Amino acid sequence: MAARAAKLPSTALARQVLSMSRMSPFLRLSAPFAVLLVAGHAAVAQEGPLEIDITEGRIEPVPFALTLDVEGNLLATDAGDIGDVVVNDLQSSALFRQIDPEAYMQSAADAAEQPRFRDWRIIDAQVLIAGSVRDRGDGTIEVAARAWDVYGGREMVGVRLNGPLALARRMAHVLADRIYTRVTGEPGYFDTRILYVAESGPATERVKRLAIMDQDGANHEYLTDGSHLVLTPRFSPDGKGALYFSYQGREPSVFRYDLDAGRSEELGQFSGMSFAPRFHPEGTEVAMSLAREGVTNVFTLDLATGDLLQLTRGRAIDTSPSYSPEGDRIVFSSDRSGRPHLFVMDSGGGVARRISFGDGSYTTPVWSPRGDYIAFTKSVKGRFYIGLMHPDGTGERLIADGFLVEGPSWAPNGRLLAFARTEPAPGSADTIRIYTIDITGNRERELPTPTDASDPSWGPYQATRS
């Protein structure tokens with residue numbers, strides 16, 4: 001089946017990439033390492049037998065083989081694991097299936113030079129990823145790989161990466177992204193990170209710290225020391241900062257964290273408690289809730305001027321605002337109809353239109369970066385669900401459920417979600433873990449974390465912040 005056209009993230013980097021790919025035989029991205037795509041292999045899938053439609057519920061994984069000729073002195077370093085990271089990335093999507101390396105009939109070095117397609121067809125490999133990893137002798141490595149359509153006997157994409165050894169895992173993620181995009185026609189999501197709340201300690205004395213990790217659960221890092229409670233972190237659109245809600249200072253409020261500097265500051269001095277923050281897609285303003293004298297409304301804060309604009313009014317609890325990808329509309333949760341439901345209004349305020357009408361309560365809405373869905377948490381008769389609906393309220397469906405599932409967050413390609421799942425543990429603190437799932441409701445998987453983990457926020461492509 002032909003892949004449906006993908007809408008790339010609306011960032012300056014994406015526009016630059018598309019422009020450069022039209023002008024030059026080589027595509028260069030500014031990053032801590034250089035990325036070179038072989039001429040003629042754009043990021044959008046071309047016609048061919050390997051293209052698949054990942055919006056379907058049931059998909060037969062593409063069988064692939066991966067063989068990298070790794071220089072001997074690199075085998076004991078992170079560079080020696082590049083192939084394993086690529087395989088894990090591709091297989092975690094459930095759209096690819098690796099063929100047992102024991103069946104390979106051509107050496108890695110020979111395949112890197114020129115594949116013998118007949119040997120790979122015998123073991124039914126549809127995609128061959130072949131290349132090399134070399135020590136450049138100056139503290140950096142070079143990863144060069146090509147993905148081949150085995151039955152068509154043609155090269156699909158080529159990638160050459162140069163960078164410090166410390167970035168070996170990230171190079172692997174970039175390589176996996178290129179292959180995923182070429183075969184599926186959709187942007188990849190492997191070169192991304194997730195902010196979350198690391199939880200530890202007994203239920204009565206819970207420690208909640210701001211933490212960050214790669215999308216596959218690697219490279220965990222604690223960003224705060226746990227002396228103050230942290231909730232609902234939200235990545236900035238450029239990946240350089242975050243917002244979060246914390247119990248510290250004068251009263252509970254929203255703080256802004258600088259990921260490069262490793263420090264945070266209060267977003268502003270407001271009358272009342274501020275919470276549930278969310279960046280505008282351009283990073284110029286923040287939508288959030290302010291609770292004053294028992295009333296909660298949605299406000300926006302201009303980050304350049306500090307001007308605060310009230311968008312909703314009344315006695316209802318209006319909270320959890322989230323911008324559309326264009327920034328012209330906001331979805332939020334409100335109990336103005338008797339119990340929490342979802343409403344959409346212009347980003348400058350005005351009349352809000354209700355879009356959810358099912359049984360139960362609807363909370364924590366978040367707009368897809370593609371604009372096609374709004375994800376939400378739903379509770380019905382004590383059961384919790386992660387659901388999706390179109391921005392006009394049609395097509396509601398539930399894709400995950402449990403004792404407590406909540407807080408969906410979109411991957412930047414708009415095809416996967418991260419969320420938190422709580423399982424009861426009588427006599428001790430409940431177990432809380434982060435899971436990912438695709439929009440079909442399939443491929444649910446738990447992300448490994450050193451402690452309990454909640455409140456995930458999936459960040460942009462790392463190249464965005466480079």
# chains A, B, ... in the order shown; residues from 1 in each chain; ligands from 1

$ select_by_dssp --residues "stretch 257-392 of chain A" --states "strand (DSSP E)" --output "ChimeraX atom specification"
/A:257-258,263-266,273-279,285-292,295-302,308-310,318-323,329-334,341-346,353-354,361-367,374-380,383-389

$ closest_atom_pairs --of "stretch 188-297 of chain A" --to "stretch 63-86 of chain A" --cutoff "12 Å" --atoms "only C-alpha atoms" --output "JSON lines"
{"residue": "A:Phe190", "atom": "CA", "partner": "A:Val86", "partner_atom": "CA", "distance": 9.2}
{"residue": "A:Asp191", "atom": "CA", "partner": "A:Val86", "partner_atom": "CA", "distance": 11.0}
{"residue": "A:Asp214", "atom": "CA", "partner": "A:Val85", "partner_atom": "CA", "distance": 11.8}
{"residue": "A:Gln215", "atom": "CA", "partner": "A:Val85", "partner_atom": "CA", "distance": 11.8}
{"residue": "A:Asp216", "atom": "CA", "partner": "A:Val85", "partner_atom": "CA", "distance": 9.2}
{"residue": "A:Gly217", "atom": "CA", "partner": "A:Val85", "partner_atom": "CA", "distance": 11.7}
{"residue": "A:Ala218", "atom": "CA", "partner": "A:Val85", "partner_atom": "CA", "distance": 10.3}

$ residues_around --residues "A:Phe96" --least-positions-apart "2" --cutoff "6 Å" --atoms "only C-alpha atoms" --output "list in words"
Pro61, Val62, Pro63, Leu90, Gln91 and Ala94 of chain A

$ residues_around --residues "A:Phe235" --least-positions-apart "5" --cutoff "7 Å" --atoms "only C-alpha atoms" --output "list of chain:residue names"
A:Gly241, A:Ala242, A:Leu243, A:Ser457, A:Gly459

$ closest_atom_pairs --of "stretch 246-360 of chain A" --to "stretch 396-412 of chain A" --cutoff "12 Å" --atoms "only C-alpha atoms" --output "Markdown table"
| residue | atom | partner | partner_atom | distance |
| --- | --- | --- | --- | --- |
| A:Ala276 | CA | A:Gly407 | CA | 11.2 |
| A:Arg278 | CA | A:Ser409 | CA | 11.6 |
| A:Pro281 | CA | A:Pro412 | CA | 11.8 |
| A:Ser320 | CA | A:Gly407 | CA | 10.3 |
| A:Ser322 | CA | A:Ser409 | CA | 10.9 |
| A:Pro325 | CA | A:Pro412 | CA | 10.9 |
| A:Ile355 | CA | A:Glu396 | CA | 10.1 |
| A:Ser356 | CA | A:Glu396 | CA | 8.5 |
| A:Phe357 | CA | A:Glu396 | CA | 9.7 |
| A:Gly358 | CA | A:Glu396 | CA | 8.8 |
| A:Asp359 | CA | A:Glu396 | CA | 11.7 |

$ write_last_selection --atoms "N, CA and C atoms" --output "PDB file, in the first residue's frame"
ATOM      1  N   ALA A 276      -0.821  23.945  35.296  1.00  0.00           N
ATOM      2  CA  ALA A 276      -1.189  23.389  33.979  1.00  0.00           C
ATOM      3  C   ALA A 276      -0.664  24.244  32.825  1.00  0.00           C
ATOM      4  N   ARG A 278       1.369  25.365  29.289  1.00  0.00           N
ATOM      5  CA  ARG A 278       1.638  24.795  27.975  1.00  0.00           C
ATOM      6  C   ARG A 278       2.159  25.901  27.059  1.00  0.00           C
ATOM      7  N   PRO A 281       3.020  27.072  20.175  1.00  0.00           N
ATOM      8  CA  PRO A 281       3.921  26.382  19.233  1.00  0.00           C
ATOM      9  C   PRO A 281       5.140  27.194  18.822  1.00  0.00           C
ATOM     10  N   SER A 320      -6.053  23.018  31.961  1.00  0.00           N
ATOM     11  CA  SER A 320      -5.321  22.183  30.994  1.00  0.00           C
ATOM     12  C   SER A 320      -5.426  22.693  29.561  1.00  0.00           C
ATOM     13  N   SER A 322      -4.323  23.671  25.776  1.00  0.00           N
ATOM     14  CA  SER A 322      -3.336  23.173  24.815  1.00  0.00           C
ATOM     15  C   SER A 322      -3.606  23.812  23.464  1.00  0.00           C
ATOM     16  N   PRO A 325      -1.625  23.199  16.467  1.00  0.00           N
ATOM     17  CA  PRO A 325      -0.287  23.361  15.881  1.00  0.00           C
ATOM     18  C   PRO A 325      -0.055  24.743  15.288  1.00  0.00           C
ATOM     19  N   ILE A 355     -16.803  20.073  22.563  1.00  0.00           N
ATOM     20  CA  ILE A 355     -16.579  19.051  21.539  1.00  0.00           C
ATOM     21  C   ILE A 355     -16.718  17.623  22.065  1.00  0.00           C
ATOM     22  N   SER A 356     -16.780  17.417  23.371  1.00  0.00           N
ATOM     23  CA  SER A 356     -16.946  16.059  23.913  1.00  0.00           C
ATOM     24  C   SER A 356     -18.346  15.908  24.499  1.00  0.00           C
ATOM     25  N   PHE A 357     -18.978  14.749  24.213  1.00  0.00           N
ATOM     26  CA  PHE A 357     -20.356  14.543  24.644  1.00  0.00           C
ATOM     27  C   PHE A 357     -20.601  13.132  25.183  1.00  0.00           C
ATOM     28  N   GLY A 358     -19.550  12.341  25.336  1.00  0.00           N
ATOM     29  CA  GLY A 358     -19.728  10.989  25.826  1.00  0.00           C
ATOM     30  C   GLY A 358     -19.912  10.920  27.326  1.00  0.00           C
ATOM     31  N   ASP A 359     -20.132   9.709  27.830  1.00  0.00           N
ATOM     32  CA  ASP A 359     -20.246   9.503  29.269  1.00  0.00           C
ATOM     33  C   ASP A 359     -18.894   9.744  29.941  1.00  0.00           C
TER      34      ASP A 359
END

$ residues_around --residues "A:Glu265" --least-positions-apart "4" --cutoff "7 Å" --atoms "only C-alpha atoms" --output "compact mmCIF listing (two decimals) with N, CA and C atoms, in the first residue's frame"
# COMPACT_ATOMS: atom_id res chain seq x y z
N PHE A 255 7.08 27.23 37.03
CA PHE A 255 8.49 27.60 36.90
C PHE A 255 8.97 27.25 35.49
N ARG A 256 10.01 27.97 35.08
CA ARG A 256 10.63 27.75 33.78
C ARG A 256 12.04 27.23 33.99
N TYR A 257 12.37 26.14 33.29
CA TYR A 257 13.68 25.49 33.45
C TYR A 257 14.50 25.65 32.16

$ atom_distance --atom1 "atom CA of A:Asp307" --atom2 "atom CA of A:Phe270"
11.2 Å

$ residues_around --residues "stretch 373-383 of chain A" --least-positions-apart "3" --cutoff "6 Å" --atoms "only C-alpha atoms" --output "PyMOL selection string"
chain A and resi 360-368+386-391+403+406

$ write_last_selection --atoms "C-alpha atoms" --output "short mmCIF file (atom, residue, chain, number, x, y, z; two decimals), in the first residue's frame"
data_model
loop_
_atom_site.label_atom_id
_atom_site.label_comp_id
_atom_site.auth_asym_id
_atom_site.auth_seq_id
_atom_site.Cartn_x
_atom_site.Cartn_y
_atom_site.Cartn_z
CA GLY A 360 -17.69 10.23 31.98
CA SER A 361 -15.19 13.04 32.50
CA TYR A 362 -12.68 14.39 29.97
CA THR A 363 -9.41 15.96 31.15
CA THR A 364 -5.79 16.76 30.12
CA PRO A 365 -6.44 17.41 26.40
CA VAL A 366 -3.45 17.89 24.11
CA TRP A 367 -3.52 18.76 20.42
CA SER A 368 -1.59 16.56 17.99
CA ILE A 386 -6.50 7.43 26.96
CA GLY A 387 -8.63 8.56 24.04
CA LEU A 388 -8.53 10.42 20.75
CA MET A 389 -11.02 12.55 18.87
CA HIS A 390 -10.88 14.91 15.93
CA PRO A 391 -10.79 18.64 16.75
CA PHE A 403 -6.79 1.35 36.89
CA GLU A 406 -3.49 9.69 32.34
#

$ decode --residues "stretch 87-163 of chain A" --atoms "C-alpha atoms" --output "PDB file, in the first residue's frame"
ATOM      1  CA  VAL A  87      17.619  -2.500  15.556  1.00  0.00           C
ATOM      2  CA  ASN A  88      15.900  -1.685  18.858  1.00  0.00           C
ATOM      3  CA  ASP A  89      14.509   1.564  17.441  1.00  0.00           C
ATOM      4  CA  LEU A  90      13.090  -0.028  14.320  1.00  0.00           C
ATOM      5  CA  GLN A  91      11.694  -3.106  16.051  1.00  0.00           C
ATOM      6  CA  SER A  92      10.130  -1.046  18.859  1.00  0.00           C
ATOM      7  CA  SER A  93       7.891   0.563  16.238  1.00  0.00           C
ATOM      8  CA  ALA A  94       6.569  -2.932  15.384  1.00  0.00           C
ATOM      9  CA  LEU A  95       6.827  -1.951  11.709  1.00  0.00           C
ATOM     10  CA  PHE A  96      10.144  -3.752  11.232  1.00  0.00           C
ATOM     11  CA  ARG A  97      11.380  -7.257  12.089  1.00  0.00           C
ATOM     12  CA  GLN A  98      15.077  -8.156  12.116  1.00  0.00           C
ATOM     13  CA  ILE A  99      16.143 -11.379  10.444  1.00  0.00           C
ATOM     14  CA  ASP A 100      18.384 -13.550  12.620  1.00  0.00           C
ATOM     15  CA  PRO A 101      22.015 -12.486  11.963  1.00  0.00           C
ATOM     16  CA  GLU A 102      23.021 -16.156  12.079  1.00  0.00           C
ATOM     17  CA  ALA A 103      21.343 -16.499   8.676  1.00  0.00           C
ATOM     18  CA  TYR A 104      23.469 -13.807   6.994  1.00  0.00           C
ATOM     19  CA  MET A 105      25.637 -15.134   4.132  1.00  0.00           C
ATOM     20  CA  GLN A 106      27.683 -12.029   3.346  1.00  0.00           C
ATOM     21  CA  SER A 107      30.213 -10.395   5.645  1.00  0.00           C
ATOM     22  CA  ALA A 108      29.642  -6.905   6.998  1.00  0.00           C
ATOM     23  CA  ALA A 109      32.681  -5.525   5.175  1.00  0.00           C
ATOM     24  CA  ASP A 110      31.625  -6.973   1.819  1.00  0.00           C
ATOM     25  CA  ALA A 111      28.004  -5.849   2.214  1.00  0.00           C
ATOM     26  CA  ALA A 112      29.198  -2.324   2.994  1.00  0.00           C
ATOM     27  CA  GLU A 113      31.056  -2.293  -0.333  1.00  0.00           C
ATOM     28  CA  GLN A 114      28.359  -3.909  -2.502  1.00  0.00           C
ATOM     29  CA  PRO A 115      25.536  -6.195  -1.375  1.00  0.00           C
ATOM     30  CA  ARG A 116      25.028  -9.552  -3.055  1.00  0.00           C
ATOM     31  CA  PHE A 117      21.285  -9.180  -3.346  1.00  0.00           C
ATOM     32  CA  ARG A 118      20.747 -12.840  -4.194  1.00  0.00           C
ATOM     33  CA  ASP A 119      22.180 -13.858  -0.781  1.00  0.00           C
ATOM     34  CA  TRP A 120      19.836 -11.481   1.023  1.00  0.00           C
ATOM     35  CA  ARG A 121      16.793 -12.536  -1.012  1.00  0.00           C
ATOM     36  CA  ILE A 122      17.380 -16.150  -0.003  1.00  0.00           C
ATOM     37  CA  ILE A 123      16.821 -15.257   3.649  1.00  0.00           C
ATOM     38  CA  ASP A 124      13.828 -13.061   2.686  1.00  0.00           C
ATOM     39  CA  ALA A 125      15.313  -9.705   3.705  1.00  0.00           C
ATOM     40  CA  GLN A 126      13.321  -6.916   2.084  1.00  0.00           C
ATOM     41  CA  VAL A 127      15.541  -4.134   3.455  1.00  0.00           C
ATOM     42  CA  LEU A 128      19.295  -4.376   3.946  1.00  0.00           C
ATOM     43  CA  ILE A 129      21.093  -1.820   6.112  1.00  0.00           C
ATOM     44  CA  ALA A 130      24.836  -2.075   5.497  1.00  0.00           C
ATOM     45  CA  GLY A 131      27.709   0.195   6.427  1.00  0.00           C
ATOM     46  CA  SER A 132      30.678   0.856   8.671  1.00  0.00           C
ATOM     47  CA  VAL A 133      31.733   2.547  11.902  1.00  0.00           C
ATOM     48  CA  ARG A 134      35.246   4.020  11.888  1.00  0.00           C
ATOM     49  CA  ASP A 135      37.521   5.795  14.391  1.00  0.00           C
ATOM     50  CA  ARG A 136      38.646   9.095  12.869  1.00  0.00           C
ATOM     51  CA  GLY A 137      41.575   9.352  15.289  1.00  0.00           C
ATOM     52  CA  ASP A 138      40.632  12.743  16.738  1.00  0.00           C
ATOM     53  CA  GLY A 139      38.122  11.619  19.351  1.00  0.00           C
ATOM     54  CA  THR A 140      35.337  11.357  16.808  1.00  0.00           C
ATOM     55  CA  ILE A 141      33.809   8.519  14.831  1.00  0.00           C
ATOM     56  CA  GLU A 142      32.242   8.201  11.403  1.00  0.00           C
ATOM     57  CA  VAL A 143      29.101   6.170  10.750  1.00  0.00           C
ATOM     58  CA  ALA A 144      28.353   5.526   7.086  1.00  0.00           C
ATOM     59  CA  ALA A 145      25.394   3.360   6.120  1.00  0.00           C
ATOM     60  CA  ARG A 146      23.043   2.722   3.235  1.00  0.00           C
ATOM     61  CA  ALA A 147      19.602   1.127   3.196  1.00  0.00           C
ATOM     62  CA  TRP A 148      18.855  -1.063   0.181  1.00  0.00           C
ATOM     63  CA  ASP A 149      15.656  -2.370  -1.351  1.00  0.00           C
ATOM     64  CA  VAL A 150      16.815  -5.965  -1.710  1.00  0.00           C
ATOM     65  CA  TYR A 151      14.229  -7.156  -4.233  1.00  0.00           C
ATOM     66  CA  GLY A 152      14.445  -3.964  -6.283  1.00  0.00           C
ATOM     67  CA  GLY A 153      18.239  -3.981  -6.103  1.00  0.00           C
ATOM     68  CA  ARG A 154      18.333  -0.242  -5.440  1.00  0.00           C
ATOM     69  CA  GLU A 155      19.684   2.069  -2.779  1.00  0.00           C
ATOM     70  CA  MET A 156      16.931   3.865  -0.858  1.00  0.00           C
ATOM     71  CA  VAL A 157      18.855   6.163   1.451  1.00  0.00           C
ATOM     72  CA  GLY A 158      22.432   6.838   2.487  1.00  0.00           C
ATOM     73  CA  VAL A 159      23.623   8.478   5.693  1.00  0.00           C
ATOM     74  CA  ARG A 160      27.065   9.656   6.805  1.00  0.00           C
ATOM     75  CA  LEU A 161      27.483  10.887  10.389  1.00  0.00           C
ATOM     76  CA  ASN A 162      30.572  12.381  12.031  1.00  0.00           C
ATOM     77  CA  GLY A 163      30.751  13.251  15.702  1.00  0.00           C
TER      78      GLY A 163
END
